[in-house]
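Notes follow once the structure below has been shown.
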2 protein chains.
Amino acid sequence: MSNDHLHAMRHTAAHVLAAAAERLYPGSKFGVGPVIDNGFFYDISFPEPISEANLGKLEKTMRRIISESHAMIKEEMPIDEAIQFFADKGQVLKVQLLNDLKEKGTTKINPEEAQDIDVDNPGVATIYRTGEFVDLCRGPHVDNIKEIGAFKLWKLAGAYWRGDEKNEQLQRVYGLCFETQEELDAHILMLEEAKKRDHRKLGKELDLFVFSDLVGPGLPLWTPKGTFLRNKLDEFVWELRKNRGYDRVEIPHITKKELYEKSGHWEKFKDDLFKIDTREGHVFAMKPMNCPHHTQIFDRKPHSYREMPQRFANTTMVYRDEQTGELHGLSRVRSITQDDAHVFCRQMQVKEEMLKIWDIIEIFYKGCGFGELNVRLSLHDPEQFDKYLGTPETWQIAEDALRELAKARGVSAVEEIGEAAFYGPKVDFVTKDSIGREWQVATIQLDMNMPERFDLTCVNEDGDKERIVMIHAAIMGSLERFLSNYIEHTAGLFPFWLAPVQVRLATVSQTHKEAASRIHTELVGAGVRAELDDSDEKLGKKIRNAAMEKIPWTIVIGDKEAEGGDFKVNVFGQDEDLVIPAAELVARASKDSKLPM
Amino acid sequence: MSNDHLHAMRHTAAHVLAAAAERLYPGSKFGVGPVIDNGFFYDISFPEPISEANLGKLEKTMRRIISESHAMIKEEMPIDEAIQFFADKGQVLKVQLLNDLKEKGTTKINPEEAQDIDVDNPGVATIYRTGEFVDLCRGPHVDNIKEIGAFKLWKLAGAYWRGDEKNEQLQRVYGLCFETQEELDAHILMLEEAKKRDHRKLGKELDLFVFSDLVGPGLPLWTPKGTFLRNKLDEFVWELRKNRGYDRVEIPHITKKELYEKSGHWEKFKDDLFKIDTREGHVFAMKPMNCPHHTQIFDRKPHSYREMPQRFANTTMVYRDEQTGELHGLSRVRSITQDDAHVFCRQMQVKEEMLKIWDIIEIFYKGCGFGELNVRLSLHDPEQFDKYLGTPETWQIAEDALRELAKARGVSAVEEIGEAAFYGPKVDFVTKDSIGREWQVATIQLDMNMPERFDLTCVNEDGDKERIVMIHAAIMGSLERFLSNYIEHTAGLFPFWLAPVQVRLATVSQTHKEAASRIHTELVGAGVRAELDDSDEKLGKKIRNAAMEKIPWTIVIGDKEAEGGDFKVNVFGQDEDLVIPAAELVARASKDSKLPM
């Protein structure tokens, strides 16, 4: 079945939800009820606030209404008549929407409202009847509500009317809706699994990061273990880059606003920047990206073509003045660590440099335990050329370079017209996590704009200045966002090479303390991150503690092990023990600690 | 001779300078003429601006006046009479100072003026006569100007009257002055050497850092080579810390101002902070130090005494809203990288933790090629106890701990009463650079204040909450300031283990390209930072280029070397070549690349 049908089905389900609310809780006032990724929601002002416990009854009433097999009947109504109609029904929120529609030709305040209310002809309102229930709506819907597939009311949340905290707070009822029961069940399973893996929950349990009320929301503080993870991942990226001729550079986190006026970011992003008024009356900004700073390092002196490319790597924080309500764990923060890199190169070097970056991305994501990466070419839309910088010729060259690149890698890349950045086309990499969620993990961007604005050149073989191009390529992108996904992908069980604590030694009794301590010293001496638990706790408790912390290897040290027998390594997540001869333990742990490259 | 005598001599020399100016350039108006570290200056408004070329004549006139052997005659004069006296002489600047003195009892606007004009009795002005020249001055002076030792007029600069750019710009004439000609000559030599070693000059020549007009003053951008230096030095510090149980943590560079209100920094430093008004109307600040953030990581959960100490290391930038006029190369910047660390520990653990830090400081500075460190204990002043936080008992404990520490290290530490921070006593380390300049390089601070303000505790053996203490200890302190000094100390010749490029291979001719390339690959494969110059330049030019870049080892690859003969390593700064058998080159270079720990 088509995406359109699924959308219509979900949209109709939202109407049925409202119809059920009206039947169960007369006097309910309805806001908007749009379709979302996995179903729908409706914002409702109930006569008395309801609780999650009421969702079952509401869902049951929806099923009863569906069993009545009402058709979805569309009608058009002059707008003033519609206003009167909804006013008579006491639907004050709908009246507000209709008044906006009448005066401004649109009800759009935020995008969520758009699909529900926006109409083709502002003089006329479209309504849909579902039995006795009538709703203002543009459609489309399925013909009859019995066509709605499998659904389930899922959760309840608060939402300010029209997204404005000065307005009344409504209750948002979320519903899941899929074509089949199997799809719905699979999705519910995924949601349950996702809840267990929530990085905010695991981040606390594994002691990786913390938020402080005094420091403020969206500003994570990284504990020793979390910092270790960050640094190890960054070291992995850096080793891959170092082997490919990258150099590290370093920059301050602020700049005069003049830098962004020149780069064009000021005009585009100034509302999202943290701005600083200095004591001398200058305006500084905290950097929301690193490329403009890096151009200033490149441009410190003339470069011969022999020195090209120049490859700058720089893991550093950037900042966005996000609204508090939009922050979410590590996935949406105000201080964002980027493993950023910029390659300053000649047009003719683009393909080779991009292939190197592609290698890095593949090795990195494989080493972290992700499956295959899907590739998307984000290209410009020739029919809207005024949206872009540059000439059709430069775009042709750039996009052909990306196509060649994909061909050279032997991948079938989906081409997405109109998805390019305004300054150049992109190669986007997409993967699925272990519970089936898709996410874009890395991007290689070709930029012909910044070099133009900053007049970046090299001196070519003829002694002439030659315009260069820039390639932007962060591998993890935002470390915070990467970790939020990675923690959920692994459920906190990090690969052996990455785990902050790799080995936990647990003694059976006091008599094994000395032997355990010797083994511990040997492991630590070889650079293995081993911890010794020689406390007086029961062995079972020690093993459970290690499992709680998701330590990859737990090794019990008893009589046999103390006497030099094989080690039985309890590998987290595996039923079978790993048996390692005593003489090989340190070498094996050291070997497994190496970066997977 | 005493410091007082030197001071009086320099002070008198300033008067003689003014007397010479009056004799040579009648109508000169005099501002202030204080003593400085190496002599004196006088701010003068000449009838026509003078140039550096005039300094010789001015100095000659000073010598003629000195040969006249005038006594320095002190007189007191009622203040109104003094105003009239200087007004009659056309000395309008002196009249301004006297009017201030009369009205406010002081002329202090900035400290420079203080010593010249401030008087004990504001109703009376003190003047000094030097032959026909008369100056407003509190003294003291030498009895006769012939007691002035060796001096030399040194340089000319601009200075706004009373440090305010809205006032007239005067000319500041600087003079060097010492007891003996030998001391003066030595100082002049040092100044010339310092000029050659100026880190701003060497930083550009060695391509270590750059300032951009678009990014702004005081915000250095670090090139690949400069970043390498920073990272290598930081790696050195980190390895020393890691071996002593430190963990790395990471923090955002901003915070809500509430954090600093609680720490007390807001009240004390708010004018020096970069402040941010967010889109939601909150006030954020860029961090001027890291300790308050680190307390929030420590305080994320309760700590058992078994988990103490907690040692957090964090190399990160802090920011100060410095005035543009106060910025200077890397030694005074707006974005400051600190290799910061905080140890959260019990009172009884202070000595052991401080000894570890002391070890780190000694190993680090020795490894970097500095001489002996002198140690100073900065203690509180019991007679001004209201300046400090805490009780006499806690101070007693803390200072005794520091004394014990010094004793345990077998050093004779100078005790400086009244030099403690308001929150606790300090151990300061001072060294001399290669041209004899003293600078304070590291500090260990014991802090009983922050734990109090943030209520930091551990749970002790009795199950009770126990107040802990914090130790602050940056090893380099500010990386920027450290590098400004270190570049000048080494004149840019960094030790082999630290040099961004360690080895330059220079081919004699095209026939040696292959052999040189093989040797280059071997070195790089072993982690040695080697570069190959197989260009068609003359060999002499190649060697000069390597010397210009101050590369520690230059190895010429000719017939003998290509055939496996010994390598003759041209070591920068040494006359004699280092001869290394072919088979040992890589091993030797690898060994010398290790951190000196």
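Chain labels run A, B, ... following the order of the structure tokens; each chain numbers its residues from 1, and ligands are numbered from 1 in the order shown.
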Hey, what does DSSP flag as helix (DSSP H, G or I) within segment 272-488 of chain A? Can you give it to me as JSON, numbers by chain?
{"A": [272, 291, 292, 293, 294, 295, 296, 297, 298, 305, 306, 307, 324, 325, 326, 347, 348, 349, 350, 351, 352, 353, 354, 355, 356, 357, 358, 359, 360, 361, 362, 363, 364, 365, 366, 367, 382, 383, 384, 385, 386, 387, 392, 393, 394, 395, 396, 397, 398, 399, 400, 401, 402, 403, 404, 405, 406, 407, 408, 450, 451, 452, 453, 479, 480, 481, 482, 483, 484, 485, 486, 487, 488]}
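Around Gln445 of chain A, within 6 Å and counting only C-alpha atoms, the residues found are Lys426, Ile471 and His472 of chain A, once anything fewer than 3 positions away on its own chain is removed.
Separating atom CA of Ile83 of chain A from atom CA of Val35 of chain A is a distance of 24.2 Å.
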Could the residues of chain A that have an atom at most 8 Å from chain B be listed as CSV, each with its closest atom pair and the distance in Å to one decimal, counting only C-alpha atoms and ordered by chain and ascending residue number?
```
residue,atom,partner,partner_atom,distance
A:Val210,CA,B:Arg300,CA,6.9
A:Ser212,CA,B:Gln296,CA,6.4
A:Leu214,CA,B:Leu259,CA,4.8
A:Val215,CA,B:Thr255,CA,4.5
A:Gly216,CA,B:Lys256,CA,5.7
A:Leu219,CA,B:Pro252,CA,6.2
A:Pro220,CA,B:Pro252,CA,7.0
A:Leu221,CA,B:Ile251,CA,4.9
A:Trp222,CA,B:Glu250,CA,5.0
A:Thr223,CA,B:Val249,CA,5.4
A:Pro224,CA,B:Val249,CA,5.1
A:Gly226,CA,B:Val249,CA,7.8
A:Thr227,CA,B:Val249,CA,5.3
A:Phe228,CA,B:Arg248,CA,7.0
A:Asp247,CA,B:Pro224,CA,5.5
A:Arg248,CA,B:Pro224,CA,5.5
A:Val249,CA,B:Pro224,CA,5.1
A:Glu250,CA,B:Trp222,CA,4.9
A:Ile251,CA,B:Leu221,CA,4.9
A:Pro252,CA,B:Ser335,CA,6.0
A:His253,CA,B:Ser335,CA,7.9
A:Ile254,CA,B:Val215,CA,7.7
A:Thr255,CA,B:Val215,CA,4.5
A:Lys256,CA,B:Val215,CA,5.1
A:Lys257,CA,B:Val215,CA,7.8
A:Glu258,CA,B:Leu214,CA,5.6
A:Leu259,CA,B:Leu214,CA,4.8
A:Asp271,CA,B:Arg279,CA,7.7
A:Phe274,CA,B:Ile276,CA,6.4
A:Lys275,CA,B:Ile276,CA,5.8
A:Ile276,CA,B:Ile276,CA,5.0
A:Asp277,CA,B:Lys275,CA,7.0
A:Thr278,CA,B:Phe274,CA,6.5
A:Arg279,CA,B:Asp321,CA,6.9
A:Glu280,CA,B:Gln323,CA,7.1
A:His293,CA,B:Val215,CA,7.3
A:Gln296,CA,B:Ser212,CA,6.4
A:Ile297,CA,B:Thr223,CA,6.3
A:Arg300,CA,B:Val210,CA,6.8
A:Phe312,CA,B:Pro224,CA,7.7
A:Met317,CA,B:Pro252,CA,7.6
A:Asp321,CA,B:Thr278,CA,6.6
A:Gln323,CA,B:Glu280,CA,7.1
A:Ser335,CA,B:Pro252,CA,6.0
```
Within segment 16-148 of chain A, find each residue whose DSSP state, derived from the backbone, is strand (DSSP E), and express the selection as a PyMOL selection string.
chain A and resi 29-30+35-36+39-45+72-78+124-130+133-136
Could you please determine the separation between atom CA of Ala150 of chain A and atom CA of Lys74 of chain A in Å, to one decimal place?
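Atom-to-atom, atom CA of Ala150 of chain A to atom CA of Lys74 of chain A, that is 23.7 Å.
For the atom pair formed by atom CA of Ile580 of chain B and atom CA of Asp566 of chain B, the distance is 5.6 Å, given to one decimal.
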Of the candidates A:Leu377, A:Val508, A:Met348, A:Leu456, which one gets nearest to Val430 of chain A if we count only C-alpha atoms?
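The closest residue to Val430 of chain A is A:Leu377.
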Need the shell around segment 127-135 of chain B: protein/DNA/RNA residues with any atom at most 7 Å away, counting only C-alpha atoms. Skip same-chain ones fewer than 3 positions apart. Format as a ChimeraX atom specification?
/B:19,70-76
Measuring atom to atom with only C-alpha atoms, identify which of B:Asp533, B:Glu22, B:Glu179, B:Asp234 is nearest to Gly477 of chain B.
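Result for the nearest residue to Gly477 of chain B: B:Asp234.
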Find the residues near segment 527-532 of chain A: any atom within 6 Å, counting only C-alpha atoms, skip ones fewer than 6 places away on the same chain, and give them as a list in words.
Val501, Gln502, Val503, Arg504 and Leu505 of chain A
Restricted to N, CA and C atoms, what would the selected residues look like written as an mmCIF file, in the first residue's frame?
```
data_model
loop_
_atom_site.group_PDB
_atom_site.id
_atom_site.type_symbol
_atom_site.label_atom_id
_atom_site.label_comp_id
_atom_site.auth_asym_id
_atom_site.auth_seq_id
_atom_site.Cartn_x
_atom_site.Cartn_y
_atom_site.Cartn_z
ATOM 1 N N VAL A 501 35.967 0.510 31.184
ATOM 2 C CA VAL A 501 36.563 -0.575 31.960
ATOM 3 C C VAL A 501 36.378 -1.831 31.133
ATOM 4 N N GLN A 502 37.487 -2.519 30.841
ATOM 5 C CA GLN A 502 37.405 -3.671 29.945
ATOM 6 C C GLN A 502 37.287 -4.986 30.698
ATOM 7 N N VAL A 503 38.010 -5.067 31.808
ATOM 8 C CA VAL A 503 38.097 -6.331 32.536
ATOM 9 C C VAL A 503 37.838 -6.086 34.024
ATOM 10 N N ARG A 504 36.984 -6.898 34.610
ATOM 11 C CA ARG A 504 36.798 -6.872 36.050
ATOM 12 C C ARG A 504 37.274 -8.214 36.606
ATOM 13 N N LEU A 505 38.238 -8.164 37.503
ATOM 14 C CA LEU A 505 38.703 -9.372 38.182
ATOM 15 C C LEU A 505 37.955 -9.484 39.501
#
```
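Ranking B:Asp428, B:Glu488, B:Asp559, B:Glu362 by their shortest atom-to-atom distance to Glu514 of chain B, with only C-alpha atoms included, puts B:Asp559 first.
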Show me, as a list in words, the residues that have an atom within 10 Å of Lys465 of chain A when counting only C-alpha atoms, minus same-chain residues fewer than 3 positions from it.
Pro302, His303, Ser304, Tyr305, Leu456, Thr457, Cys458, Val459, Asn460, Glu461, Asp462 and Ile468 of chain A
Can you pull out every residue within 6 Å of segment 157-160 of chain B, counting only C-alpha atoms, but drop anything in the same chain fewer than 3 positions away, and send it as a short mmCIF file (atom, residue, chain, number, x, y, z; two decimals) with N, CA and C atoms, in the first residue's frame?
```cif
data_model
loop_
_atom_site.label_atom_id
_atom_site.label_comp_id
_atom_site.auth_asym_id
_atom_site.auth_seq_id
_atom_site.Cartn_x
_atom_site.Cartn_y
_atom_site.Cartn_z
N GLY B 163 46.69 57.83 31.46
CA GLY B 163 46.23 56.54 30.93
C GLY B 163 44.88 56.58 30.25
N ASP B 164 44.39 57.79 29.96
CA ASP B 164 43.05 57.93 29.38
C ASP B 164 43.17 58.37 27.93
N GLU B 165 42.63 57.57 27.01
CA GLU B 165 42.82 57.86 25.59
C GLU B 165 42.08 59.12 25.14
N ASN B 167 42.58 61.89 26.70
CA ASN B 167 43.53 62.97 27.01
C ASN B 167 44.62 63.08 25.95
N GLU B 168 45.44 64.12 26.10
CA GLU B 168 46.59 64.35 25.22
C GLU B 168 47.54 63.16 25.26
N GLN B 169 48.15 62.85 24.10
CA GLN B 169 49.16 61.80 24.10
C GLN B 169 50.53 62.42 24.36
N LEU B 170 51.20 61.95 25.40
CA LEU B 170 52.53 62.42 25.75
C LEU B 170 53.55 61.46 25.15
N GLN B 171 54.84 61.83 25.25
CA GLN B 171 55.89 60.90 24.85
C GLN B 171 56.54 60.35 26.11
N ARG B 172 56.63 59.04 26.14
CA ARG B 172 57.25 58.39 27.31
C ARG B 172 58.68 58.03 26.96
#
```
